[in-house]
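Just below is one structure, and these are the notes that go with it.
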Amino acid sequence: MPNLNLKSSRLPIRQQKWGSSLLLVLFILVFLSLLISQYLLTTRTGQSTSFHFEQSDKLRLIAESASDEMIQELAVKCCDFRSPAGQWLMKHVIGETFPLNVSVTEKELNGSVRGDFISKITGEAKIFDFRGFDQDKNSYYKGEGVGRILLTTLVSRNTGSQNESRFCRLVRIHDFKISSAISARNNFEPRKGYVHNFLLDYVFFLKDGIKNFWENGEGLLNPGLPKILINQEKISSSDKLGKVFLGNPTGVAGQDYVFLNIPPEFAEILPKISSNLPNKSGKRVIDSADCLKLIPELAKLNVGGILDKLKGVFEYSFEPIADQYSDADGKKKSETVKILKNVSKNSVESNTNPGTPILSFDPNLAAKPERALSILEGPIRQRFLCFVHFYLDMSEVDPRLASEMEKREDFKIPCTPPDPSQQTEPEVKRFLENLQEFAQERSRPQELNPFISHFETGFLYQGEEGENQFLNPPTFPLPQFFDYQNHRVDFQPGATHPPRSFPYNHINLLTRRHWNVQALESQGIFDRANGILNLHGIDEVWEPLVLGEDGGKPLIIRGQGVLIANGSITLRSGLKKENPGDFCVLFAKKDSLIIATDQRIEGALLALGLPGKGIIVQKGTGHFDIFGLIAADSLRFEEPDSHESSISYDPIFKSQNDQFWINISPKIYFQRMVEG
């Protein structure tokens, strides 16, 4: 067999090494490719996750911003309860929604997203709960109440190219309160339940007014010192007039009423004694027997009944209380007034200063009974001087006694109580002494006493009264008061405890309660630096409150609201409304309200709390000028001066329609966020 010489097929060793290196490189490249791919995938996933996390965070922030904007917008819109938002809350239908605008947040949203994303944001409010009563089931005034609203914000983002979408829904719950700012009141009808601003019905309200009147001596409304003028002349409609109340009867004999004097020009509101006699005057005729009782000296002339046709006449007339009086001879009435003042038991009766025209400066308007009924409440009566003279009617006496009786033709005696300081003729003195017993026998209850001159207080302060209406009714209608539980209560005169009928006593309806005055300032309610009170709703502070500076500019009232202080309130400067629709109510709840300025005060001053506090006009001030109202337990001047204190009612406090404050709390009581 042939011997074949074959070469080996194995590659050279160098070539083998290059092949192994190439495989290793390829493996490394593949591994690196896989590693890079995984890195890129992880990076992209992380980027996507970060982007979605960023977008979710933005959505949450935008949702919160939108919800904050909605609650602010709703609060602003509801400042006027007549606005669509305000009326929606006033109806308080559970579940009813109200769309809200979030334009500011939308602008921020559109500037914070990528160009290929479409953004959308919506917001609405829904009434979640409403209660027209407190925790003890005591009802609020109609329309008032507390409730909760649910704010829902939906923010969404999507893109058409990738069909991606993200959303965030934020739900928050806030409290709201509806309280009465001004409550409708018909001046001719009493209230039928509790409303916390009931005192705004009055231009002048004194719970202890009768006590004030008698302690003052000259009477608060009879010009002397102090002089108080109630002026409502600029109010044309009787529906807008503020009422006057001076307390309940005291139960003390002779001190149950406030007696007012009539200005001389107000003759029209004098009582009409009878329809067939001239106004302001009348006569009462007595027979011969009564004449002989009063003048016993005539008995010796009455031989054989010759004086049987003798008559005696009591002629009486009513005059307004004024400084000057005159009769035909210019003397008799002024002497009568002196005697009446001398025998008066107290200074109130003897006060003959001209009266204050609290009904109107126009006598014709003041004479209308309906005007008095629209303004006055309680035991307020008008005061007159009833002048009585007695003379003998001898027209039918037997002519045989003519010469004897001629001596008595001028027998016209002013009928007055006996005055020890007066020296009178014996016959006249006996006549006056006999007259006291005679008048007591002849006078009948609920009837004029036409026999003795006196201060007549038996008529209401109004015109067109007749004799048959004497003391019927005995007073103007007494107002009806209720506590916050809607129980009927009376303001008891001289009570040693606070009344149960407090203004603003539903504390659930208070907008804010502050520990100190600094809190009022920090929230911008009392802007001390600029001298502004920013008001909306009812704010209470637990400290005494001092407003203004001595001799400083009046504080500016901006908005409508009530400031309640549990301590005293001191006014060192005036108050001035920024706009005609603004108003301010200051209420000293447990102490006095002190007027320490003679600047004009445009606001309502309330001090109805602890007995003996009330409103005090500080020494050195002497008088006040108020465009608003006064309502207090009592009114005291530490040192009255000769200037007239004026109270002019602000008709903004009187309306035929209810007006409300709506306050929405910025505090969040519940929150839930859903993302997807």
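A note on labels: chains of the structure tokens are A, B, ... as shown, every chain counts residues from 1, and ligands are counted from 1 in their shown order.
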Using only C-alpha atoms, which residues sit within 10 Å of Lys368 in chain A once same-chain residues fewer than 4 positions away are excluded, as a PyMOL selection string?
-> chain A and resi 268-269+359+363-364+372-373+462-464
Restricted to N, CA, C and O atoms, what would the selected residues look like written as a PDB file, in the first residue's frame?
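Result written to out.pdb:
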```pdb
ATOM      1  N   GLU A 268    -102.283 121.137  68.370  1.00  0.00           N
ATOM      2  CA  GLU A 268    -103.127 120.148  67.713  1.00  0.00           C
ATOM      3  C   GLU A 268    -103.102 118.792  68.401  1.00  0.00           C
ATOM      4  O   GLU A 268    -103.995 117.979  68.187  1.00  0.00           O
ATOM      5  N   ILE A 269    -102.086 118.502  69.175  1.00  0.00           N
ATOM      6  CA  ILE A 269    -102.092 117.203  69.834  1.00  0.00           C
ATOM      7  C   ILE A 269    -102.631 117.288  71.256  1.00  0.00           C
ATOM      8  O   ILE A 269    -102.521 116.339  72.026  1.00  0.00           O
ATOM      9  N   LEU A 359     -92.084 113.370  68.021  1.00  0.00           N
ATOM     10  CA  LEU A 359     -92.812 112.807  66.884  1.00  0.00           C
ATOM     11  C   LEU A 359     -92.434 113.490  65.587  1.00  0.00           C
ATOM     12  O   LEU A 359     -92.296 112.844  64.552  1.00  0.00           O
ATOM     13  N   PRO A 363     -95.923 120.495  63.524  1.00  0.00           N
ATOM     14  CA  PRO A 363     -97.074 120.276  64.417  1.00  0.00           C
ATOM     15  C   PRO A 363     -98.192 119.467  63.765  1.00  0.00           C
ATOM     16  O   PRO A 363     -98.823 118.646  64.423  1.00  0.00           O
ATOM     17  N   ASN A 364     -98.448 119.703  62.484  1.00  0.00           N
ATOM     18  CA  ASN A 364     -99.512 118.960  61.818  1.00  0.00           C
ATOM     19  C   ASN A 364     -99.190 117.476  61.732  1.00  0.00           C
ATOM     20  O   ASN A 364    -100.058 116.622  61.893  1.00  0.00           O
ATOM     21  N   ALA A 372     -97.717 108.691  66.077  1.00  0.00           N
ATOM     22  CA  ALA A 372     -97.371 108.319  67.450  1.00  0.00           C
ATOM     23  C   ALA A 372     -97.358 106.806  67.605  1.00  0.00           C
ATOM     24  O   ALA A 372     -96.476 106.238  68.247  1.00  0.00           O
ATOM     25  N   LEU A 373     -98.345 106.124  67.014  1.00  0.00           N
ATOM     26  CA  LEU A 373     -98.419 104.668  67.126  1.00  0.00           C
ATOM     27  C   LEU A 373     -97.272 103.987  66.387  1.00  0.00           C
ATOM     28  O   LEU A 373     -96.889 102.868  66.738  1.00  0.00           O
ATOM     29  N   GLN A 462    -100.424 111.874  71.652  1.00  0.00           N
ATOM     30  CA  GLN A 462    -100.921 111.901  70.280  1.00  0.00           C
ATOM     31  C   GLN A 462    -102.146 112.796  70.209  1.00  0.00           C
ATOM     32  O   GLN A 462    -102.739 113.146  71.216  1.00  0.00           O
ATOM     33  N   GLY A 463    -102.529 113.150  69.025  1.00  0.00           N
ATOM     34  CA  GLY A 463    -103.684 114.020  68.839  1.00  0.00           C
ATOM     35  C   GLY A 463    -104.972 113.245  68.658  1.00  0.00           C
ATOM     36  O   GLY A 463    -105.023 112.024  68.768  1.00  0.00           O
ATOM     37  N   GLU A 464    -106.049 114.015  68.423  1.00  0.00           N
ATOM     38  CA  GLU A 464    -107.365 113.465  68.109  1.00  0.00           C
ATOM     39  C   GLU A 464    -107.891 112.537  69.197  1.00  0.00           C
ATOM     40  O   GLU A 464    -108.448 111.487  68.934  1.00  0.00           O
TER      41      GLU A 464
END
```
What's around range 544-561 of chain A at 9 Å? Count only C-alpha atoms, leave out sequence neighbours fewer than 5 positions away in its own chain, and write the answer as a short mmCIF file (atom, residue, chain, number, x, y, z; two decimals) with N, CA and C atoms, in the first residue's frame.
```cif
data_model
loop_
_atom_site.label_atom_id
_atom_site.label_comp_id
_atom_site.auth_asym_id
_atom_site.auth_seq_id
_atom_site.Cartn_x
_atom_site.Cartn_y
_atom_site.Cartn_z
N ALA A 181 -78.62 90.45 59.49
CA ALA A 181 -78.02 91.78 59.64
C ALA A 181 -79.08 92.80 60.01
N ASN A 516 -58.42 88.91 72.33
CA ASN A 516 -57.97 90.25 72.67
C ASN A 516 -58.10 91.18 71.46
N VAL A 517 -57.87 92.46 71.72
CA VAL A 517 -57.98 93.46 70.66
C VAL A 517 -56.88 93.26 69.62
N ARG A 528 -55.91 100.00 63.07
CA ARG A 528 -55.63 101.15 63.94
C ARG A 528 -54.77 102.19 63.23
N ASN A 530 -54.61 103.09 60.09
CA ASN A 530 -55.35 103.90 59.13
C ASN A 530 -56.69 104.38 59.65
N GLY A 531 -57.02 104.00 60.88
CA GLY A 531 -58.28 104.45 61.47
C GLY A 531 -59.51 103.91 60.78
N ILE A 532 -59.52 102.60 60.50
CA ILE A 532 -60.63 101.98 59.76
C ILE A 532 -61.13 100.77 60.52
N LEU A 533 -62.45 100.62 60.57
CA LEU A 533 -63.08 99.39 61.05
C LEU A 533 -63.63 98.66 59.84
N ASN A 534 -63.05 97.49 59.52
CA ASN A 534 -63.51 96.65 58.41
C ASN A 534 -64.45 95.59 58.96
N LEU A 535 -65.73 95.70 58.63
CA LEU A 535 -66.75 94.89 59.28
C LEU A 535 -67.52 94.02 58.28
N HIS A 536 -67.77 92.80 58.68
CA HIS A 536 -68.71 91.94 57.97
C HIS A 536 -69.13 90.82 58.92
N GLY A 537 -70.32 90.94 59.45
CA GLY A 537 -70.80 89.95 60.40
C GLY A 537 -70.57 90.38 61.83
N ILE A 538 -70.56 89.40 62.72
CA ILE A 538 -70.53 89.66 64.17
C ILE A 538 -69.21 89.19 64.75
N ASP A 539 -68.44 90.11 65.30
CA ASP A 539 -67.17 89.79 65.94
C ASP A 539 -67.26 90.10 67.43
N ASN A 566 -66.90 92.03 75.70
CA ASN A 566 -67.35 91.52 76.99
C ASN A 566 -66.98 92.47 78.12
N GLY A 567 -66.08 93.39 77.84
CA GLY A 567 -65.79 94.46 78.78
C GLY A 567 -66.48 95.73 78.33
N SER A 568 -65.93 96.86 78.69
CA SER A 568 -66.51 98.15 78.31
C SER A 568 -66.09 98.53 76.90
N ILE A 569 -66.81 99.46 76.33
CA ILE A 569 -66.43 100.08 75.06
C ILE A 569 -66.33 101.58 75.31
N THR A 570 -65.20 102.17 74.92
CA THR A 570 -65.00 103.61 75.08
C THR A 570 -64.78 104.23 73.71
N LEU A 571 -65.60 105.21 73.40
CA LEU A 571 -65.47 105.94 72.14
C LEU A 571 -64.75 107.26 72.41
N ARG A 572 -63.49 107.36 71.97
CA ARG A 572 -62.72 108.58 72.17
C ARG A 572 -62.74 109.48 70.94
N SER A 573 -63.27 108.98 69.86
CA SER A 573 -63.46 109.80 68.66
C SER A 573 -64.74 109.34 67.98
N GLY A 574 -65.16 110.08 66.98
CA GLY A 574 -66.41 109.77 66.31
C GLY A 574 -66.28 108.59 65.36
N LEU A 575 -67.40 108.23 64.75
CA LEU A 575 -67.46 107.19 63.73
C LEU A 575 -68.06 107.81 62.48
N LYS A 576 -67.48 107.48 61.32
CA LYS A 576 -67.96 108.04 60.06
C LYS A 576 -68.07 106.92 59.03
N LYS A 577 -69.24 106.80 58.42
CA LYS A 577 -69.46 105.77 57.42
C LYS A 577 -68.74 106.13 56.12
N GLU A 578 -68.08 105.14 55.53
CA GLU A 578 -67.42 105.39 54.26
C GLU A 578 -68.44 105.50 53.13
N ASN A 579 -69.48 104.65 53.17
CA ASN A 579 -70.54 104.65 52.16
C ASN A 579 -71.89 104.66 52.86
N GLY A 581 -74.36 102.79 52.56
CA GLY A 581 -74.84 101.45 52.91
C GLY A 581 -74.09 100.78 54.03
N ASP A 582 -73.04 101.40 54.54
CA ASP A 582 -72.27 100.82 55.65
C ASP A 582 -72.99 101.06 56.97
N PHE A 583 -72.72 100.22 57.95
CA PHE A 583 -73.18 100.52 59.31
C PHE A 583 -72.35 99.74 60.33
N CYS A 584 -72.35 100.27 61.54
CA CYS A 584 -71.59 99.68 62.64
C CYS A 584 -72.47 99.62 63.87
N VAL A 585 -72.45 98.46 64.54
CA VAL A 585 -73.15 98.28 65.82
C VAL A 585 -72.10 97.97 66.88
N LEU A 586 -72.06 98.77 67.93
CA LEU A 586 -71.15 98.53 69.06
C LEU A 586 -71.97 98.07 70.25
N ALA A 588 -71.66 96.79 74.18
CA ALA A 588 -70.97 96.51 75.43
C ALA A 588 -71.81 95.50 76.20
N ASP A 591 -70.55 95.48 80.44
CA ASP A 591 -70.07 96.68 81.10
C ASP A 591 -70.68 97.88 80.39
N ALA A 596 -66.93 109.39 75.08
CA ALA A 596 -65.93 110.36 75.53
C ALA A 596 -65.55 111.29 74.40
N THR A 597 -66.50 111.62 73.54
CA THR A 597 -66.26 112.53 72.43
C THR A 597 -67.55 113.25 72.09
N GLN A 599 -67.73 114.41 68.95
CA GLN A 599 -67.78 114.26 67.50
C GLN A 599 -69.01 113.43 67.10
N ARG A 600 -69.41 113.57 65.86
CA ARG A 600 -70.57 112.84 65.35
C ARG A 600 -70.27 111.34 65.33
N ILE A 601 -71.19 110.56 65.86
CA ILE A 601 -71.06 109.11 65.91
C ILE A 601 -72.10 108.51 64.98
N GLU A 602 -71.64 107.88 63.91
CA GLU A 602 -72.55 107.27 62.95
C GLU A 602 -72.58 105.77 63.19
N GLY A 603 -73.48 105.36 64.08
CA GLY A 603 -73.55 103.95 64.42
C GLY A 603 -74.57 103.70 65.52
N TRP A 661 -76.08 88.42 56.67
CA TRP A 661 -74.66 88.21 56.44
C TRP A 661 -74.44 86.73 56.17
#
```
Could you jot down the CA of Leu605 in chain A to CA of Tyr504 in chain A separation for me, Å, one decimal place?
-> 13.5 Å
Run DSSP on the backbone of this structure and report the residues of range 119-230 of chain A it assigns to strand (DSSP E or B), as a compact mmCIF listing (two decimals) with C-alpha atoms, in the first residue's frame.
```txt
# COMPACT_ATOMS: atom_id res chain seq x y z
CA SER A 119 -55.49 70.45 30.63
CA LYS A 120 -58.91 70.85 32.22
CA ILE A 121 -60.01 72.04 35.64
CA THR A 122 -63.55 72.23 37.06
CA GLY A 123 -64.95 73.21 40.44
CA GLU A 124 -68.31 73.18 42.14
CA ALA A 125 -69.81 73.65 45.56
CA LYS A 126 -72.55 71.53 47.04
CA ILE A 127 -74.60 72.11 50.18
CA PHE A 128 -73.77 69.22 52.44
CA ASP A 129 -75.70 70.11 55.59
CA PHE A 130 -77.81 72.94 57.07
CA ARG A 131 -79.43 73.50 60.48
CA PHE A 133 -81.55 75.52 65.10
CA SER A 139 -84.77 77.81 66.47
CA GLY A 145 -78.59 78.93 60.30
CA VAL A 146 -75.30 77.06 60.17
CA GLY A 147 -74.28 74.51 57.57
CA ARG A 148 -71.49 72.89 55.60
CA ILE A 149 -70.58 73.05 51.95
CA LEU A 150 -68.62 70.46 50.00
CA LEU A 151 -66.13 71.84 47.45
CA THR A 152 -65.10 69.47 44.65
CA THR A 153 -62.12 70.25 42.39
CA LEU A 154 -61.25 68.06 39.39
CA VAL A 155 -57.97 68.62 37.53
CA SER A 156 -57.24 66.40 34.49
CA ARG A 157 -54.52 66.15 31.83
CA ASN A 158 -54.43 64.05 28.65
CA THR A 159 -52.72 63.90 25.24
CA GLU A 164 -52.53 59.27 28.28
CA SER A 165 -54.65 60.80 31.03
CA ARG A 166 -54.08 61.81 34.60
CA PHE A 167 -56.56 63.34 37.06
CA CYS A 168 -56.78 64.58 40.62
CA ARG A 169 -60.05 65.06 42.48
CA LEU A 170 -59.94 67.06 45.73
CA VAL A 171 -62.91 67.20 48.08
CA ARG A 172 -63.05 69.66 51.01
CA ILE A 173 -65.74 70.58 53.53
CA HIS A 174 -66.12 74.10 54.98
CA ASP A 175 -68.56 75.60 57.49
CA PHE A 176 -70.81 78.56 56.67
CA LYS A 177 -73.13 80.74 58.76
CA ILE A 178 -76.12 82.85 57.82
CA SER A 179 -77.06 85.50 60.38
CA SER A 180 -79.54 88.34 60.27
CA ALA A 181 -78.02 91.78 59.64
CA ILE A 182 -81.34 93.66 59.55
CA TYR A 202 -85.39 101.64 68.08
CA VAL A 203 -83.91 105.10 67.83
CA PHE A 204 -84.06 105.36 71.63
CA PHE A 205 -84.45 102.35 73.94
CA LEU A 206 -83.99 102.54 77.72
CA LYS A 227 -81.36 118.22 76.73
CA ILE A 228 -82.02 115.29 74.42
CA LEU A 229 -83.48 115.79 70.96
CA ILE A 230 -84.78 112.87 68.91
```
Can you list, as a short mmCIF file (atom, residue, chain, number, x, y, z; two decimals) with N, CA and C atoms, in the first residue's frame, every residue of range 65-306 of chain A that DSSP puts in helix (DSSP H, G or I)?
```cif
data_model
loop_
_atom_site.label_atom_id
_atom_site.label_comp_id
_atom_site.auth_asym_id
_atom_site.auth_seq_id
_atom_site.Cartn_x
_atom_site.Cartn_y
_atom_site.Cartn_z
N SER A 65 -54.70 74.63 45.00
CA SER A 65 -54.79 76.05 44.66
C SER A 65 -56.18 76.39 44.16
N ALA A 66 -56.76 75.53 43.32
CA ALA A 66 -58.11 75.77 42.81
C ALA A 66 -59.13 75.75 43.94
N SER A 67 -58.98 74.83 44.88
CA SER A 67 -59.92 74.76 45.99
C SER A 67 -59.81 76.01 46.87
N ASP A 68 -58.57 76.49 47.08
CA ASP A 68 -58.39 77.73 47.84
C ASP A 68 -59.04 78.91 47.11
N GLU A 69 -58.86 78.94 45.78
CA GLU A 69 -59.45 80.02 45.00
C GLU A 69 -60.98 79.96 45.07
N MET A 70 -61.54 78.75 45.03
CA MET A 70 -62.99 78.61 45.05
C MET A 70 -63.60 79.10 46.35
N ILE A 71 -62.95 78.76 47.47
CA ILE A 71 -63.53 79.18 48.74
C ILE A 71 -63.43 80.69 48.90
N GLN A 72 -62.35 81.29 48.37
CA GLN A 72 -62.24 82.74 48.42
C GLN A 72 -63.26 83.40 47.50
N GLU A 73 -63.43 82.84 46.32
CA GLU A 73 -64.40 83.40 45.38
C GLU A 73 -65.82 83.29 45.95
N LEU A 74 -66.13 82.15 46.53
CA LEU A 74 -67.47 81.96 47.10
C LEU A 74 -67.71 82.93 48.25
N ALA A 75 -66.68 83.12 49.10
CA ALA A 75 -66.83 84.05 50.23
C ALA A 75 -67.08 85.47 49.73
N VAL A 76 -66.38 85.88 48.67
CA VAL A 76 -66.56 87.23 48.12
C VAL A 76 -67.94 87.37 47.50
N LYS A 77 -68.36 86.36 46.72
CA LYS A 77 -69.66 86.42 46.07
C LYS A 77 -70.80 86.45 47.08
N PRO A 84 -76.33 85.67 43.10
CA PRO A 84 -76.70 84.28 42.79
C PRO A 84 -76.10 83.27 43.77
N ALA A 85 -74.82 83.47 44.13
CA ALA A 85 -74.20 82.55 45.09
C ALA A 85 -74.86 82.69 46.46
N GLY A 86 -75.14 83.95 46.86
CA GLY A 86 -75.79 84.15 48.14
C GLY A 86 -77.18 83.54 48.19
N GLN A 87 -77.96 83.71 47.14
CA GLN A 87 -79.29 83.13 47.10
C GLN A 87 -79.25 81.61 47.07
N TRP A 88 -78.22 81.05 46.44
CA TRP A 88 -78.06 79.59 46.46
C TRP A 88 -77.87 79.09 47.89
N LEU A 89 -77.04 79.79 48.66
CA LEU A 89 -76.84 79.38 50.05
C LEU A 89 -78.08 79.69 50.90
N MET A 90 -78.76 80.81 50.61
CA MET A 90 -79.94 81.17 51.39
C MET A 90 -81.04 80.12 51.25
N LYS A 91 -81.13 79.48 50.06
CA LYS A 91 -82.14 78.42 49.88
C LYS A 91 -81.73 77.14 50.60
N SER A 103 -60.46 80.83 37.34
CA SER A 103 -59.70 81.40 36.22
C SER A 103 -58.23 81.63 36.57
N VAL A 104 -57.96 82.05 37.79
CA VAL A 104 -56.57 82.31 38.18
C VAL A 104 -55.76 81.02 38.17
N THR A 105 -56.31 79.98 38.72
CA THR A 105 -55.61 78.69 38.76
C THR A 105 -55.49 78.10 37.36
N GLU A 106 -56.50 78.27 36.52
CA GLU A 106 -56.44 77.78 35.14
C GLU A 106 -55.28 78.42 34.38
N LYS A 107 -55.08 79.70 34.61
CA LYS A 107 -53.98 80.39 33.95
C LYS A 107 -52.64 79.80 34.38
N GLU A 108 -52.51 79.52 35.67
CA GLU A 108 -51.29 78.89 36.17
C GLU A 108 -51.14 77.49 35.61
N LEU A 109 -52.26 76.77 35.48
CA LEU A 109 -52.23 75.39 34.98
C LEU A 109 -51.74 75.35 33.54
N ASN A 110 -52.27 76.21 32.70
CA ASN A 110 -51.90 76.20 31.28
C ASN A 110 -50.45 76.58 31.07
N PHE A 198 -82.96 92.75 67.45
CA PHE A 198 -84.25 93.41 67.68
C PHE A 198 -84.10 94.86 68.15
N LEU A 199 -82.98 95.19 68.78
CA LEU A 199 -82.81 96.55 69.29
C LEU A 199 -82.59 97.57 68.18
N LEU A 200 -82.28 97.10 66.97
CA LEU A 200 -82.09 98.03 65.87
C LEU A 200 -83.41 98.64 65.41
N ASP A 201 -84.53 98.16 65.95
CA ASP A 201 -85.84 98.76 65.64
C ASP A 201 -85.97 100.15 66.25
N GLY A 209 -85.86 103.06 81.62
CA GLY A 209 -86.14 104.44 81.27
C GLY A 209 -87.02 105.16 82.27
N ILE A 210 -88.01 104.46 82.84
CA ILE A 210 -88.89 105.10 83.83
C ILE A 210 -88.09 105.45 85.08
N LYS A 211 -87.26 104.52 85.51
CA LYS A 211 -86.41 104.79 86.68
C LYS A 211 -85.48 105.96 86.38
N ASN A 212 -84.89 105.95 85.19
CA ASN A 212 -84.04 107.06 84.75
C ASN A 212 -84.79 108.38 84.81
N PHE A 213 -86.02 108.37 84.32
CA PHE A 213 -86.83 109.58 84.22
C PHE A 213 -87.08 110.18 85.59
N TRP A 214 -87.49 109.35 86.54
CA TRP A 214 -87.81 109.88 87.88
C TRP A 214 -86.56 110.25 88.66
N GLU A 215 -85.49 109.49 88.50
CA GLU A 215 -84.26 109.82 89.21
C GLU A 215 -83.64 111.11 88.68
N ASN A 216 -83.85 111.38 87.40
CA ASN A 216 -83.27 112.57 86.80
C ASN A 216 -83.96 113.85 87.24
N SER A 238 -93.08 106.41 57.25
CA SER A 238 -93.26 105.94 58.63
C SER A 238 -92.71 104.54 58.83
N ASP A 239 -92.55 103.78 57.73
CA ASP A 239 -91.98 102.43 57.83
C ASP A 239 -90.51 102.47 58.20
N LYS A 240 -89.87 103.62 57.99
CA LYS A 240 -88.44 103.73 58.25
C LYS A 240 -88.13 104.39 59.59
N ALA A 267 -100.38 122.66 69.62
CA ALA A 267 -101.74 122.68 70.17
C ALA A 267 -102.61 121.58 69.58
N GLU A 268 -102.28 121.14 68.37
CA GLU A 268 -103.13 120.15 67.71
C GLU A 268 -103.10 118.79 68.40
N ILE A 269 -102.09 118.50 69.18
CA ILE A 269 -102.09 117.20 69.83
C ILE A 269 -102.63 117.29 71.26
N SER A 288 -127.46 125.01 92.49
CA SER A 288 -127.43 125.96 93.61
C SER A 288 -126.96 125.30 94.89
N ALA A 289 -127.41 124.06 95.14
CA ALA A 289 -127.03 123.38 96.38
C ALA A 289 -125.52 123.21 96.48
N ASP A 290 -124.89 122.84 95.35
CA ASP A 290 -123.44 122.67 95.36
C ASP A 290 -122.73 124.01 95.52
N CYS A 291 -123.33 125.06 94.95
CA CYS A 291 -122.74 126.40 95.12
C CYS A 291 -122.72 126.80 96.60
N LEU A 292 -123.81 126.48 97.30
CA LEU A 292 -123.89 126.84 98.72
C LEU A 292 -122.90 126.03 99.55
N LYS A 293 -122.60 124.78 99.12
CA LYS A 293 -121.60 123.99 99.84
C LYS A 293 -120.21 124.60 99.68
N LEU A 294 -119.94 125.07 98.49
CA LEU A 294 -118.61 125.62 98.23
C LEU A 294 -118.45 127.02 98.83
N PRO A 296 -120.31 128.87 101.63
CA PRO A 296 -121.34 128.90 102.69
C PRO A 296 -121.88 130.30 102.96
N GLU A 297 -121.10 131.34 102.64
CA GLU A 297 -121.55 132.71 102.90
C GLU A 297 -122.82 133.05 102.13
N LEU A 298 -123.11 132.30 101.04
CA LEU A 298 -124.32 132.58 100.26
C LEU A 298 -125.59 132.09 100.95
N ALA A 299 -125.44 131.24 101.96
CA ALA A 299 -126.62 130.64 102.59
C ALA A 299 -127.49 131.70 103.25
N LYS A 300 -126.87 132.74 103.79
CA LYS A 300 -127.67 133.77 104.47
C LYS A 300 -128.51 134.59 103.50
N LEU A 301 -128.16 134.54 102.19
CA LEU A 301 -128.95 135.24 101.19
C LEU A 301 -130.08 134.39 100.63
N VAL A 303 -132.94 133.17 101.18
CA VAL A 303 -134.16 133.20 101.98
C VAL A 303 -135.32 132.77 101.09
N GLY A 304 -136.02 131.74 101.52
CA GLY A 304 -137.17 131.26 100.76
C GLY A 304 -136.80 130.68 99.42
N GLY A 305 -135.54 130.16 99.31
CA GLY A 305 -135.11 129.52 98.06
C GLY A 305 -134.91 130.48 96.92
#
```
As a short mmCIF file (atom, residue, chain, number, x, y, z; two decimals) with C-alpha atoms, in the first residue's frame, please: the residues near Arg400 in chain A (cut-off 12 Å, only C-alpha atoms, same-chain neighbours under 6 positions excluded).
```cif
data_model
loop_
_atom_site.label_atom_id
_atom_site.label_comp_id
_atom_site.auth_asym_id
_atom_site.auth_seq_id
_atom_site.Cartn_x
_atom_site.Cartn_y
_atom_site.Cartn_z
CA LEU A 301 -128.95 135.24 101.19
CA ASN A 302 -130.94 132.17 100.25
CA VAL A 303 -134.16 133.20 101.98
CA ILE A 306 -134.46 132.75 96.21
CA LEU A 307 -131.10 131.31 95.01
CA MET A 394 -126.57 134.64 88.02
CA GLU A 406 -123.52 142.48 91.74
#
```
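Using only C-alpha atoms, the nearest neighbour of Phe259 in chain A within the list A:Asn138, A:Thr475, A:Ser421, A:Ser83 is A:Thr475.
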Could you tell me which of A:Asn505, A:Thr621, A:Thr424, A:Thr352 comes closest to Asn197 in chain A if we count only C-alpha atoms?
-> A:Asn505
In Å, with one decimal, what is the gap from CA of Asp419 in chain A to CA of Ile339 in chain A?
->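 Result for CA of Asp419 in chain A versus CA of Ile339 in chain A: 6.2 Å, one decimal.
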Find the residue from A:Ala529, A:Leu22, A:Leu593, A:Ile235 that sits nearest to Leu610 in chain A; use only C-alpha atoms when measuring.
->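 Under the stated criterion, the closest residue is A:Leu593.
With only C-alpha atoms as the atoms that count, the minimum distance from Asp256 in chain A to the choices A:Thr457, A:Asn231, A:Trp542, A:Ser665 is reached by A:Thr457.
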Which distance in Å separates CA of Gln518 in chain A and CA of Glu543 in chain A, to one decimal?
->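 So the answer is 9.8 Å.
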Please provide as a short mmCIF file (atom, residue, chain, number, x, y, z; two decimals) with N, CA, C and O atoms, in the first residue's frame all residues within 6 Å of Glu377 in chain A, with the sequence filter that same-chain residues fewer than 3 positions apart are discarded (counting only C-alpha atoms).
```
data_model
loop_
_atom_site.label_atom_id
_atom_site.label_comp_id
_atom_site.auth_asym_id
_atom_site.auth_seq_id
_atom_site.Cartn_x
_atom_site.Cartn_y
_atom_site.Cartn_z
N PHE A 245 -88.78 103.52 73.22
CA PHE A 245 -89.28 102.73 74.35
C PHE A 245 -88.53 103.14 75.60
O PHE A 245 -87.31 103.20 75.61
N PHE A 476 -99.24 103.26 75.45
CA PHE A 476 -99.02 102.73 74.11
C PHE A 476 -98.74 101.24 74.24
O PHE A 476 -98.40 100.75 75.32
N PRO A 477 -98.86 100.49 73.15
CA PRO A 477 -98.63 99.04 73.25
C PRO A 477 -97.24 98.74 73.81
O PRO A 477 -96.25 99.34 73.40
N LEU A 478 -97.21 97.83 74.77
CA LEU A 478 -95.92 97.38 75.28
C LEU A 478 -95.31 96.40 74.28
O LEU A 478 -96.01 95.53 73.76
#
```
